[in-house]
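File shown here: protein-v6.cif, holding mmCIF, C-alpha atoms and all ligand atoms.
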data_input
#
loop_
_atom_site.group_PDB
_atom_site.id
_atom_site.type_symbol
_atom_site.label_atom_id
_atom_site.label_comp_id
_atom_site.auth_asym_id
_atom_site.auth_seq_id
_atom_site.Cartn_x
_atom_site.Cartn_y
_atom_site.Cartn_z
ATOM 1 C CA MET G 401 77.556 99.782 105.469
ATOM 2 C CA ASP G 402 78.956 102.437 107.802
ATOM 3 C CA ASP G 403 82.098 104.480 107.390
ATOM 4 C CA ILE G 404 85.376 103.112 108.729
ATOM 5 C CA LYS G 405 85.897 106.020 111.145
ATOM 6 C CA SER G 406 82.490 105.735 112.848
ATOM 7 C CA VAL G 407 82.721 101.921 112.959
ATOM 8 C CA TRP G 408 86.255 102.077 114.387
ATOM 9 C CA SER G 409 85.316 104.578 117.128
ATOM 10 C CA SER G 410 82.433 102.343 118.249
ATOM 11 C CA MET G 411 84.468 99.136 118.497
ATOM 12 C CA LYS G 412 85.555 97.394 121.684
ATOM 13 C CA ALA G 413 88.531 95.065 122.141
ATOM 14 C CA GLY G 414 88.184 91.667 120.484
ATOM 15 C CA GLU G 415 85.938 92.598 117.558
ATOM 16 C CA LYS G 416 86.050 92.364 113.783
ATOM 17 C CA LYS G 417 83.758 94.509 111.655
ATOM 18 C CA ARG G 418 83.230 95.278 107.992
ATOM 19 C CA ALA G 419 83.011 98.896 106.932
ATOM 20 C CA VAL G 420 83.477 101.122 103.944
ATOM 21 C CA MET G 421 85.973 103.881 103.644
ATOM 22 C CA CYS G 422 83.904 106.733 102.230
ATOM 23 C CA ALA G 423 85.566 109.351 100.079
ATOM 24 C CA GLU G 424 82.462 111.330 99.035
ATOM 25 C CA ASP G 425 81.083 109.298 96.139
ATOM 26 C CA VAL G 426 83.415 106.317 96.427
ATOM 27 C CA ASP G 427 83.141 103.439 98.885
ATOM 28 C CA MET G 428 86.169 101.288 99.495
ATOM 29 C CA PRO G 429 85.571 97.907 101.177
ATOM 30 C CA ALA G 430 87.393 97.697 104.505
ATOM 31 C CA THR G 431 87.763 95.466 107.560
ATOM 32 C CA ILE G 432 88.698 96.580 111.068
ATOM 33 C CA ILE G 433 90.030 94.130 113.634
ATOM 34 C CA THR G 434 90.473 95.280 117.220
ATOM 35 C CA GLY G 435 92.618 92.754 119.038
ATOM 36 C CA LEU G 436 91.920 91.329 122.475
ATOM 37 C CA ARG G 437 95.195 92.816 123.714
ATOM 38 C CA PRO G 438 96.582 96.325 123.245
ATOM 39 C CA GLY G 439 99.272 96.937 120.637
ATOM 40 C CA LYS G 440 100.163 98.882 117.520
ATOM 41 C CA THR G 441 97.726 100.171 114.898
ATOM 42 C CA ILE G 442 98.562 98.905 111.410
ATOM 43 C CA LEU G 443 97.068 100.158 108.164
ATOM 44 C CA LEU G 444 97.080 97.877 105.107
ATOM 45 C CA THR G 445 95.894 98.946 101.686
ATOM 46 C CA ALA G 446 95.515 96.904 98.508
ATOM 47 C CA GLY G 447 94.190 97.853 95.106
ATOM 48 C CA ILE G 448 95.641 101.365 94.831
ATOM 49 C CA HIS G 449 96.284 99.898 91.391
ATOM 50 C CA GLY G 450 93.058 98.082 90.551
ATOM 51 C CA CYS G 451 94.469 95.245 88.426
ATOM 52 C CA GLU G 452 97.149 93.979 90.831
ATOM 53 C CA TYR G 453 95.053 90.985 91.715
ATOM 54 C CA CYS G 454 97.282 88.832 93.958
ATOM 55 C CA SER G 455 97.625 91.722 96.419
ATOM 56 C CA ILE G 456 93.872 92.421 96.403
ATOM 57 C CA GLN G 457 93.005 88.757 96.881
ATOM 58 C CA ALA G 458 95.580 88.425 99.689
ATOM 59 C CA ALA G 459 94.029 91.443 101.468
ATOM 60 C CA ILE G 460 90.507 89.996 101.107
ATOM 61 C CA GLU G 461 91.638 86.630 102.496
ATOM 62 C CA LEU G 462 93.654 88.146 105.354
ATOM 63 C CA ALA G 463 90.628 90.254 106.367
ATOM 64 C CA ASP G 464 88.549 87.080 106.433
ATOM 65 C CA GLU G 465 91.063 84.826 108.170
ATOM 66 C CA LEU G 466 92.660 87.009 110.860
ATOM 67 C CA ARG G 467 90.876 86.662 114.218
ATOM 68 C CA PRO G 468 90.664 89.307 116.972
ATOM 69 C CA GLU G 469 91.838 86.678 119.513
ATOM 70 C CA GLU G 470 95.239 86.425 117.786
ATOM 71 C CA VAL G 471 95.659 90.198 117.318
ATOM 72 C CA SER G 472 97.369 92.621 119.710
ATOM 73 C CA GLY G 473 96.457 96.133 118.622
ATOM 74 C CA THR G 474 94.326 97.174 115.661
ATOM 75 C CA LEU G 475 94.337 96.224 111.981
ATOM 76 C CA LEU G 476 92.704 98.439 109.366
ATOM 77 C CA ILE G 477 92.533 96.697 105.993
ATOM 78 C CA ILE G 478 91.359 98.532 102.868
ATOM 79 C CA HIS G 479 90.654 95.716 100.405
ATOM 80 C CA ILE G 480 90.391 97.820 97.218
ATOM 81 C CA ALA G 481 91.503 101.450 97.404
ATOM 82 C CA ASN G 482 90.652 102.151 93.754
ATOM 83 C CA PRO G 483 87.258 100.466 93.181
ATOM 84 C CA SER G 484 86.554 102.127 89.810
ATOM 85 C CA GLY G 485 89.904 101.042 88.363
ATOM 86 C CA PHE G 486 89.224 97.538 89.683
ATOM 87 C CA LYS G 487 85.698 97.370 88.241
ATOM 88 C CA GLU G 488 86.730 98.688 84.839
ATOM 89 C CA ARG G 489 89.996 96.648 84.749
ATOM 90 C CA LEU G 490 92.017 99.800 84.202
ATOM 91 C CA PRO G 491 95.768 99.483 84.749
ATOM 92 C CA GLU G 492 97.414 102.137 86.969
ATOM 93 C CA VAL G 493 94.707 104.802 87.087
ATOM 94 C CA VAL G 494 91.463 105.807 88.777
ATOM 95 C CA ALA G 495 88.644 105.668 86.180
ATOM 96 C CA GLU G 496 87.014 108.995 87.014
ATOM 97 C CA ASP G 497 90.046 111.274 86.597
ATOM 98 C CA GLY G 498 92.649 109.136 84.817
ATOM 99 C CA LYS G 499 95.167 109.807 87.626
ATOM 100 C CA ASN G 500 97.580 107.295 89.126
ATOM 101 C CA LEU G 501 96.406 107.190 92.762
ATOM 102 C CA ASN G 502 99.902 106.278 93.933
ATOM 103 C CA ARG G 503 101.270 109.525 92.494
ATOM 104 C CA VAL G 504 98.879 111.981 94.173
ATOM 105 C CA PHE G 505 99.592 111.426 97.887
ATOM 106 C CA PRO G 506 99.003 113.055 100.351
ATOM 107 C CA GLY G 507 95.999 114.092 98.234
ATOM 108 C CA LYS G 508 93.599 117.018 98.504
ATOM 109 C CA ALA G 509 90.299 117.364 100.381
ATOM 110 C CA ASP G 510 88.706 119.179 97.436
ATOM 111 C CA GLY G 511 90.691 117.587 94.599
ATOM 112 C CA SER G 512 89.796 115.105 91.874
ATOM 113 C CA LYS G 513 88.617 111.583 92.732
ATOM 114 C CA ALA G 514 92.122 110.115 93.076
ATOM 115 C CA GLU G 515 93.262 113.094 95.160
ATOM 116 C CA ARG G 516 90.278 112.753 97.498
ATOM 117 C CA ILE G 517 90.879 109.007 97.962
ATOM 118 C CA ALA G 518 94.524 109.762 98.785
ATOM 119 C CA TRP G 519 93.422 112.430 101.260
ATOM 120 C CA HIS G 520 91.210 109.950 103.155
ATOM 121 C CA ILE G 521 93.918 107.253 103.190
ATOM 122 C CA THR G 522 96.430 109.835 104.475
ATOM 123 C CA ALA G 523 94.085 110.565 107.414
ATOM 124 C CA LEU G 524 94.281 106.864 108.360
ATOM 125 C CA GLN G 525 98.059 106.736 107.822
ATOM 126 C CA LYS G 526 98.401 109.503 110.433
ATOM 127 C CA ARG G 527 96.674 107.278 113.007
ATOM 128 C CA ALA G 528 98.807 104.224 112.192
ATOM 129 C CA ASP G 529 102.104 103.027 113.706
ATOM 130 C CA PHE G 530 103.021 101.196 110.491
ATOM 131 C CA TYR G 531 101.661 101.184 106.947
ATOM 132 C CA ILE G 532 101.813 98.281 104.475
ATOM 133 C CA ASP G 533 100.842 98.997 100.859
ATOM 134 C CA MET G 534 100.177 95.836 98.841
ATOM 135 C CA HIS G 535 100.964 95.933 95.114
ATOM 136 C CA GLY G 536 102.110 93.598 92.336
ATOM 137 C CA GLY G 537 102.671 93.633 88.604
ATOM 138 C CA ASP G 538 99.889 95.366 86.710
ATOM 139 C CA LEU G 539 97.832 93.788 83.868
ATOM 140 C CA HIS G 540 100.754 94.132 81.454
ATOM 141 C CA GLU G 541 103.600 93.546 83.934
ATOM 142 C CA SER G 542 105.540 90.548 85.130
ATOM 143 C CA MET G 543 107.745 90.719 88.214
ATOM 144 C CA HIS G 544 110.132 89.082 90.627
ATOM 145 C CA PRO G 545 108.757 89.528 94.190
ATOM 146 C CA PHE G 546 110.472 92.353 96.071
ATOM 147 C CA VAL G 547 109.829 95.132 98.579
ATOM 148 C CA PHE G 548 110.294 98.901 98.507
ATOM 149 C CA ILE G 549 111.222 100.779 101.681
ATOM 150 C CA PRO G 550 111.097 104.567 101.963
ATOM 151 C CA GLY G 551 114.423 106.347 101.602
ATOM 152 C CA VAL G 552 113.709 110.047 101.992
ATOM 153 C CA ALA G 553 112.210 109.912 105.510
ATOM 154 C CA GLU G 554 113.943 110.281 108.892
ATOM 155 C CA GLU G 555 116.630 107.589 109.161
ATOM 156 C CA SER G 556 114.808 105.982 112.138
ATOM 157 C CA VAL G 557 111.673 105.614 109.977
ATOM 158 C CA THR G 558 113.658 104.018 107.139
ATOM 159 C CA GLN G 559 115.405 101.714 109.630
ATOM 160 C CA ALA G 560 112.066 100.582 111.153
ATOM 161 C CA ALA G 561 110.837 99.818 107.619
ATOM 162 C CA ARG G 562 114.071 97.950 106.801
ATOM 163 C CA ASP G 563 113.838 95.840 109.995
ATOM 164 C CA ALA G 564 110.273 94.850 109.055
ATOM 165 C CA ALA G 565 111.123 94.207 105.379
ATOM 166 C CA GLN G 566 113.830 91.746 106.424
ATOM 167 C CA THR G 567 111.133 89.418 107.773
ATOM 168 C CA LEU G 568 109.643 88.924 104.271
ATOM 169 C CA SER G 569 110.509 85.961 102.058
ATOM 170 C CA VAL G 570 111.807 88.194 99.252
ATOM 171 C CA ASP G 571 115.437 88.431 98.216
ATOM 172 C CA MET G 572 115.476 92.052 97.013
ATOM 173 C CA ARG G 573 114.714 95.244 98.934
ATOM 174 C CA VAL G 574 114.785 98.569 97.113
ATOM 175 C CA ARG G 575 115.397 101.744 99.072
ATOM 176 C CA SER G 576 113.273 104.288 97.233
ATOM 177 C CA ARG G 577 114.554 107.792 96.546
ATOM 178 C CA ALA G 578 111.120 109.026 95.479
ATOM 179 C CA THR G 579 108.831 111.328 97.424
ATOM 180 C CA THR G 580 105.714 110.135 95.581
ATOM 181 C CA GLY G 581 103.874 106.937 96.437
ATOM 182 C CA ALA G 582 101.459 106.269 99.290
ATOM 183 C CA TYR G 583 104.154 104.555 101.393
ATOM 184 C CA ASN G 584 106.735 107.320 100.855
ATOM 185 C CA SER G 585 104.124 109.910 101.763
ATOM 186 C CA ALA G 586 103.373 108.046 105.030
ATOM 187 C CA ALA G 587 107.094 107.770 105.823
ATOM 188 C CA ILE G 588 107.612 111.508 105.275
ATOM 189 C CA LEU G 589 104.831 111.996 107.868
ATOM 190 C CA GLY G 590 106.888 109.815 110.229
ATOM 191 C CA VAL G 591 105.007 106.511 109.789
ATOM 192 C CA PRO G 592 107.307 103.583 108.854
ATOM 193 C CA SER G 593 106.008 101.842 105.749
ATOM 194 C CA MET G 594 106.691 99.428 102.930
ATOM 195 C CA LEU G 595 105.351 98.573 99.507
ATOM 196 C CA ILE G 596 105.281 94.849 98.713
ATOM 197 C CA GLU G 597 105.352 93.755 95.064
ATOM 198 C CA ARG G 598 104.228 90.222 94.199
ATOM 199 C CA GLY G 599 102.238 88.638 91.363
ATOM 200 C CA GLY G 600 101.295 90.176 88.017
ATOM 201 C CA ASN G 601 100.034 89.681 84.462
ATOM 202 C CA GLY G 602 96.414 90.184 85.528
ATOM 203 C CA GLN G 603 96.400 86.707 87.057
ATOM 204 C CA ILE G 604 95.495 85.176 90.375
ATOM 205 C CA SER G 605 98.142 82.697 91.463
ATOM 206 C CA ARG G 606 97.357 80.575 94.525
ATOM 207 C CA THR G 607 101.088 80.203 95.231
ATOM 208 C CA GLU G 608 101.642 83.989 95.122
ATOM 209 C CA VAL G 609 98.511 84.801 97.189
ATOM 210 C CA ASP G 610 99.603 82.303 99.861
ATOM 211 C CA ALA G 611 103.160 83.679 99.813
ATOM 212 C CA TYR G 612 101.731 87.193 100.094
ATOM 213 C CA LYS G 613 99.659 86.298 103.160
ATOM 214 C CA ARG G 614 102.617 84.557 104.792
ATOM 215 C CA ASP G 615 104.757 87.645 104.192
ATOM 216 C CA VAL G 616 102.175 90.039 105.656
ATOM 217 C CA ARG G 617 101.660 87.786 108.685
ATOM 218 C CA SER G 618 105.431 87.745 109.194
ATOM 219 C CA VAL G 619 105.619 91.559 109.243
ATOM 220 C CA LEU G 620 102.640 91.700 111.627
ATOM 221 C CA ALA G 621 104.407 89.204 113.933
ATOM 222 C CA HIS G 622 107.578 91.323 113.759
ATOM 223 C CA LEU G 623 105.446 94.312 114.847
ATOM 224 C CA ALA G 624 104.030 92.168 117.726
ATOM 225 C CA VAL G 625 100.490 92.459 116.323
ATOM 226 C CA LEU G 626 100.362 88.698 115.616
ATOM 227 C CA PRO G 627 101.935 85.883 117.686
ATOM 228 C CA ALA G 628 105.661 85.332 117.195
ATOM 229 C CA ASP G 629 105.097 81.940 115.530
ATOM 230 C CA ARG G 630 103.793 83.728 112.404
ATOM 231 C CA LEU G 631 107.252 85.164 111.799
ATOM 232 C CA ILE G 632 108.919 83.431 108.849
ATOM 233 C CA PRO G 633 111.945 81.716 110.477
ATOM 234 C CA PRO G 634 115.251 83.292 109.320
ATOM 235 C CA ALA G 635 116.369 79.918 107.924
ATOM 236 C CA GLN G 636 113.374 79.920 105.570
ATOM 237 C CA ARG G 637 113.997 83.433 104.232
ATOM 238 C CA PRO G 638 116.256 84.048 101.258
ATOM 239 C CA GLN G 639 119.267 86.279 101.747
ATOM 240 C CA GLN G 640 117.859 89.797 101.187
ATOM 241 C CA ARG G 641 119.936 92.425 99.403
ATOM 242 C CA GLU G 642 119.237 96.152 99.546
ATOM 243 C CA LEU G 643 119.430 98.061 96.286
ATOM 244 C CA ASP G 644 120.158 101.721 96.727
ATOM 245 C CA SER G 645 118.868 102.581 93.298
ATOM 246 C CA ALA G 646 117.266 100.958 90.289
ATOM 247 C CA VAL G 647 117.160 101.760 86.576
ATOM 248 C CA TYR G 648 113.643 102.377 85.262
ATOM 249 C CA LEU G 649 114.034 102.009 81.490
ATOM 250 C CA GLU G 650 111.285 103.714 79.497
ATOM 251 C CA ALA G 651 110.303 103.352 75.847
ATOM 252 C CA ASP G 652 111.386 106.331 73.771
ATOM 253 C CA THR G 653 109.195 105.220 70.892
ATOM 254 C CA GLU G 654 105.867 103.415 70.558
ATOM 255 C CA GLY G 655 105.539 100.041 68.880
ATOM 256 C CA CYS G 656 105.704 96.294 69.497
ATOM 257 C CA TRP G 657 107.859 95.265 72.477
ATOM 258 C CA HIS G 658 109.931 92.067 72.327
ATOM 259 C CA PRO G 659 111.841 91.626 75.606
ATOM 260 C CA CYS G 660 114.670 89.106 75.851
ATOM 261 C CA VAL G 661 115.017 88.975 79.652
ATOM 262 C CA ALA G 662 112.781 87.635 82.438
ATOM 263 C CA PRO G 663 111.922 88.859 85.963
ATOM 264 C CA GLY G 664 114.592 87.933 88.509
ATOM 265 C CA GLN G 665 117.208 87.352 85.795
ATOM 266 C CA PRO G 666 120.670 88.858 86.390
ATOM 267 C CA VAL G 667 121.777 91.244 83.634
ATOM 268 C CA SER G 668 125.205 92.664 82.906
ATOM 269 C CA GLN G 669 126.162 95.998 81.414
ATOM 270 C CA GLY G 670 125.628 96.007 77.647
ATOM 271 C CA GLN G 671 123.406 92.910 77.651
ATOM 272 C CA PRO G 672 120.355 93.262 75.343
ATOM 273 C CA LEU G 673 117.071 93.762 77.239
ATOM 274 C CA GLY G 674 114.755 93.725 74.241
ATOM 275 C CA GLU G 675 113.711 95.640 71.171
ATOM 276 C CA VAL G 676 110.767 97.661 69.919
ATOM 277 C CA ARG G 677 109.631 96.792 66.385
ATOM 278 C CA THR G 678 107.227 98.585 64.098
ATOM 279 C CA SER G 679 103.798 97.132 63.364
ATOM 280 C CA PHE G 680 105.364 95.843 60.135
ATOM 281 C CA GLY G 681 107.820 93.822 62.234
ATOM 282 C CA GLU G 682 110.896 95.915 61.477
ATOM 283 C CA PRO G 683 113.326 96.534 64.360
ATOM 284 C CA CYS G 684 113.311 100.231 65.278
ATOM 285 C CA ARG G 685 114.960 100.482 68.723
ATOM 286 C CA GLN G 686 117.192 98.148 70.712
ATOM 287 C CA TYR G 687 117.697 98.474 74.457
ATOM 288 C CA ALA G 688 120.671 97.211 76.475
ATOM 289 C CA ALA G 689 121.465 97.262 80.201
ATOM 290 C CA GLU G 690 123.299 100.415 81.333
ATOM 291 C CA ARG G 691 124.804 98.524 84.245
ATOM 292 C CA ASP G 692 124.833 95.185 86.053
ATOM 293 C CA GLY G 693 121.796 94.202 88.078
ATOM 294 C CA ARG G 694 118.759 91.974 88.247
ATOM 295 C CA VAL G 695 115.390 92.429 86.578
ATOM 296 C CA LEU G 696 112.766 93.539 89.131
ATOM 297 C CA TYR G 697 109.768 93.957 86.844
ATOM 298 C CA MET G 698 109.028 94.452 83.192
ATOM 299 C CA THR G 699 106.319 95.097 80.656
ATOM 300 C CA VAL G 700 105.228 91.917 78.898
ATOM 301 C CA SER G 701 102.489 93.314 76.655
ATOM 302 C CA LEU G 702 103.235 93.550 72.932
ATOM 303 C CA ALA G 703 101.986 97.128 72.774
ATOM 304 C CA VAL G 704 104.155 99.849 74.311
ATOM 305 C CA GLU G 705 103.653 103.573 74.304
ATOM 306 C CA LYS G 706 106.381 106.187 74.253
ATOM 307 C CA GLY G 707 107.381 107.183 77.798
ATOM 308 C CA THR G 708 106.062 104.023 79.506
ATOM 309 C CA PRO G 709 108.204 101.585 81.528
ATOM 310 C CA LEU G 710 109.862 98.652 79.754
ATOM 311 C CA VAL G 711 112.211 97.084 82.301
ATOM 312 C CA ALA G 712 113.185 97.993 85.862
ATOM 313 C CA TYR G 713 116.441 96.492 87.107
ATOM 314 C CA GLY G 714 118.868 97.196 89.904
HETATM 315 ZN ZN ZN B 801 100.985 98.964 91.902
#
Starting from the file, give its structure as structure tokens.
Ligand SMILES: [Zn+2]
Amino acid sequence: MDDIKSVWSSMKAGEKKRAVMCAEDVDMPATIITGLRPGKTILLTAGIHGCEYCSIQAAIELADELRPEEVSGTLLIIHIANPSGFKERLPEVVAEDGKNLNRVFPGKADGSKAERIAWHITALQKRADFYIDMHGGDLHESMHPFVFIPGVAEESVTQAARDAAQTLSVDMRVRSRATTGAYNSAAILGVPSMLIERGGNGQISRTEVDAYKRDVRSVLAHLAVLPADRLIPPAQRPQQRELDSAVYLEADTEGCWHPCVAPGQPVSQGQPLGEVRTSFGEPCRQYAAERDGRVLYMTVSLAVEKGTPLVAYG
């Protein structure tokens, strides 16, 4: 299959083609849809984390289902941005270099595998009017669906992302303060972006995949790339709250993790979140909420390593 850039440059209006995004020795499956009518160029990526299956499956199905006749503008969909992590079922990282692809943007032309993939995705971000990065809970994570918008970009870029995020059927929106992450990197370059989080636990859920596709279609309708009837009607969206910050609790010891909260659950300051026990079952560290909030995502695996996330709440 040919590279996404050569396929894209050869396409006329009203076409859909499969391609690969080549980053030297890695081929990422991709679909390009050039709409019958002119409009914005939108980049979607899934599988930056290779075990976030609902997002990957939603991207595969959207690439299959969306038709050029209903599109105004151009859609570039990267189905799996981290194929080695996907193939080897590796949480978080790219197999060849052990790096978290989402932490190495904008990447390097002559860097390690993850850095080169990031470099090629950044080149596409620069040609896009909007960037949607599709994630979810990793193999060992459970989550309440929510969306991140970039918070360190120009205010107009953040506002464009916020306007789009409000068309999703998720009740929490987190304004990120980070400069890492593919979507933050795009926003710093001036491209409005979002990171959607839905699904988790290494599972495919039909309900979550369908909700994911409905959400992405709604954003695309908001951006006038799909017909207005794909917009989720305001009456069907939950009230969405913006969190200006979140607490990312990390384990300060390794051991067996026993959480006592669930994704989406409200927590109040001082409330127990869980405890780490030794492999003999003895309690060794208890964790409690530093402040009021709601659980966004959490580790659900028994094994935890020192310095890894336990619960994120805001
Ligand atoms: Zn992810």
Counting all atoms listed in the file, which of G:Ser701, G:Ile433, G:Gln636, G:Leu631 gets nearest to Gly655 (chain G)?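 Distance minimum relative to Gly655 (chain G) lands on G:Ser701.
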For this structure, which residues satisfy the selection - the PyMOL selection byres (((not hetatm)) within 9 of (chain B and resi 801)) - when it is evaluated on the file as given? I want them as a list in words.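 Applying the expression gives Ala446, Gly447, Ile448, His449, Gly450, Cys451, Glu452, Pro491, Glu492, Asn502, Asp533, Met534, His535, Gly536, Gly537, Asp538, Leu595 and Glu597 of chain G.
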Can you pull out every residue within 12 Å of Val704 (chain G), counting only C-alpha atoms, but drop anything in the same chain fewer than 4 positions away, and send it as an MDAnalysis selection string? chainID G and resid 540:541 650:659 675:679 698:700 708:711
Output file for the selection above: C-alpha atoms, as a PDB file, in the frame of the given file:
ATOM      1  CA  HIS G 540     100.754  94.132  81.454  1.00  0.00           C
ATOM      2  CA  GLU G 541     103.600  93.546  83.934  1.00  0.00           C
ATOM      3  CA  GLU G 650     111.285 103.714  79.497  1.00  0.00           C
ATOM      4  CA  ALA G 651     110.303 103.352  75.847  1.00  0.00           C
ATOM      5  CA  ASP G 652     111.386 106.331  73.771  1.00  0.00           C
ATOM      6  CA  THR G 653     109.195 105.220  70.892  1.00  0.00           C
ATOM      7  CA  GLU G 654     105.867 103.415  70.558  1.00  0.00           C
ATOM      8  CA  GLY G 655     105.539 100.041  68.880  1.00  0.00           C
ATOM      9  CA  CYS G 656     105.704  96.294  69.497  1.00  0.00           C
ATOM     10  CA  TRP G 657     107.859  95.265  72.477  1.00  0.00           C
ATOM     11  CA  HIS G 658     109.931  92.067  72.327  1.00  0.00           C
ATOM     12  CA  PRO G 659     111.841  91.626  75.606  1.00  0.00           C
ATOM     13  CA  GLU G 675     113.711  95.640  71.171  1.00  0.00           C
ATOM     14  CA  VAL G 676     110.767  97.661  69.919  1.00  0.00           C
ATOM     15  CA  ARG G 677     109.631  96.792  66.385  1.00  0.00           C
ATOM     16  CA  THR G 678     107.227  98.585  64.098  1.00  0.00           C
ATOM     17  CA  SER G 679     103.798  97.132  63.364  1.00  0.00           C
ATOM     18  CA  MET G 698     109.028  94.452  83.192  1.00  0.00           C
ATOM     19  CA  THR G 699     106.319  95.097  80.656  1.00  0.00           C
ATOM     20  CA  VAL G 700     105.228  91.917  78.898  1.00  0.00           C
ATOM     21  CA  THR G 708     106.062 104.023  79.506  1.00  0.00           C
ATOM     22  CA  PRO G 709     108.204 101.585  81.528  1.00  0.00           C
ATOM     23  CA  LEU G 710     109.862  98.652  79.754  1.00  0.00           C
ATOM     24  CA  VAL G 711     112.211  97.084  82.301  1.00  0.00           C
TER      25      VAL G 711
END
Which residue out of G:Ser455, G:Leu643, G:Tyr713, G:Met543 has the minimum interatomic distance to Leu673 (chain G) when all atoms listed in the file are used? G:Tyr713
Just want the 10 Å neighbourhood of Glu496 (chain G), counted on only C-alpha atoms, with same-chain residues fewer than 3 positions away dropped. Output as a list in words.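 So, after excluding close chain neighbours, the residues are Ser484, Gly485, Val493, Lys499, Ser512, Lys513 and Ala514 of chain G.
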Using the chain letters and numbering of this document, enumerate as number ranges by chain the residues selected by the PyMOL selection byres (((chain G and resi 404-420) around 7) and not hetatm). G: 401-403, 421-422, 427-436, 468-469
Could you spell out the hits of the PyMOL selection byres (((chain G and resi 547) around 9) and not hetatm) on the shown file, as a PyMOL selection string? chain G and resi 545-546+548-549+565+568+570-575+594-598
Just C-alpha atoms for this one: save the residues we selected as a PDB file, in the frame of the given file.
ATOM      1  CA  PRO G 545     108.757  89.528  94.190  1.00  0.00           C
ATOM      2  CA  PHE G 546     110.472  92.353  96.071  1.00  0.00           C
ATOM      3  CA  PHE G 548     110.294  98.901  98.507  1.00  0.00           C
ATOM      4  CA  ILE G 549     111.222 100.779 101.681  1.00  0.00           C
ATOM      5  CA  ALA G 565     111.123  94.207 105.379  1.00  0.00           C
ATOM      6  CA  LEU G 568     109.643  88.924 104.271  1.00  0.00           C
ATOM      7  CA  VAL G 570     111.807  88.194  99.252  1.00  0.00           C
ATOM      8  CA  ASP G 571     115.437  88.431  98.216  1.00  0.00           C
ATOM      9  CA  MET G 572     115.476  92.052  97.013  1.00  0.00           C
ATOM     10  CA  ARG G 573     114.714  95.244  98.934  1.00  0.00           C
ATOM     11  CA  VAL G 574     114.785  98.569  97.113  1.00  0.00           C
ATOM     12  CA  ARG G 575     115.397 101.744  99.072  1.00  0.00           C
ATOM     13  CA  MET G 594     106.691  99.428 102.930  1.00  0.00           C
ATOM     14  CA  LEU G 595     105.351  98.573  99.507  1.00  0.00           C
ATOM     15  CA  ILE G 596     105.281  94.849  98.713  1.00  0.00           C
ATOM     16  CA  GLU G 597     105.352  93.755  95.064  1.00  0.00           C
ATOM     17  CA  ARG G 598     104.228  90.222  94.199  1.00  0.00           C
TER      18      ARG G 598
END
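Take CA of Gly681 (chain G) and CA of Gln603 (chain G): the distance between them is 28.2 Å.
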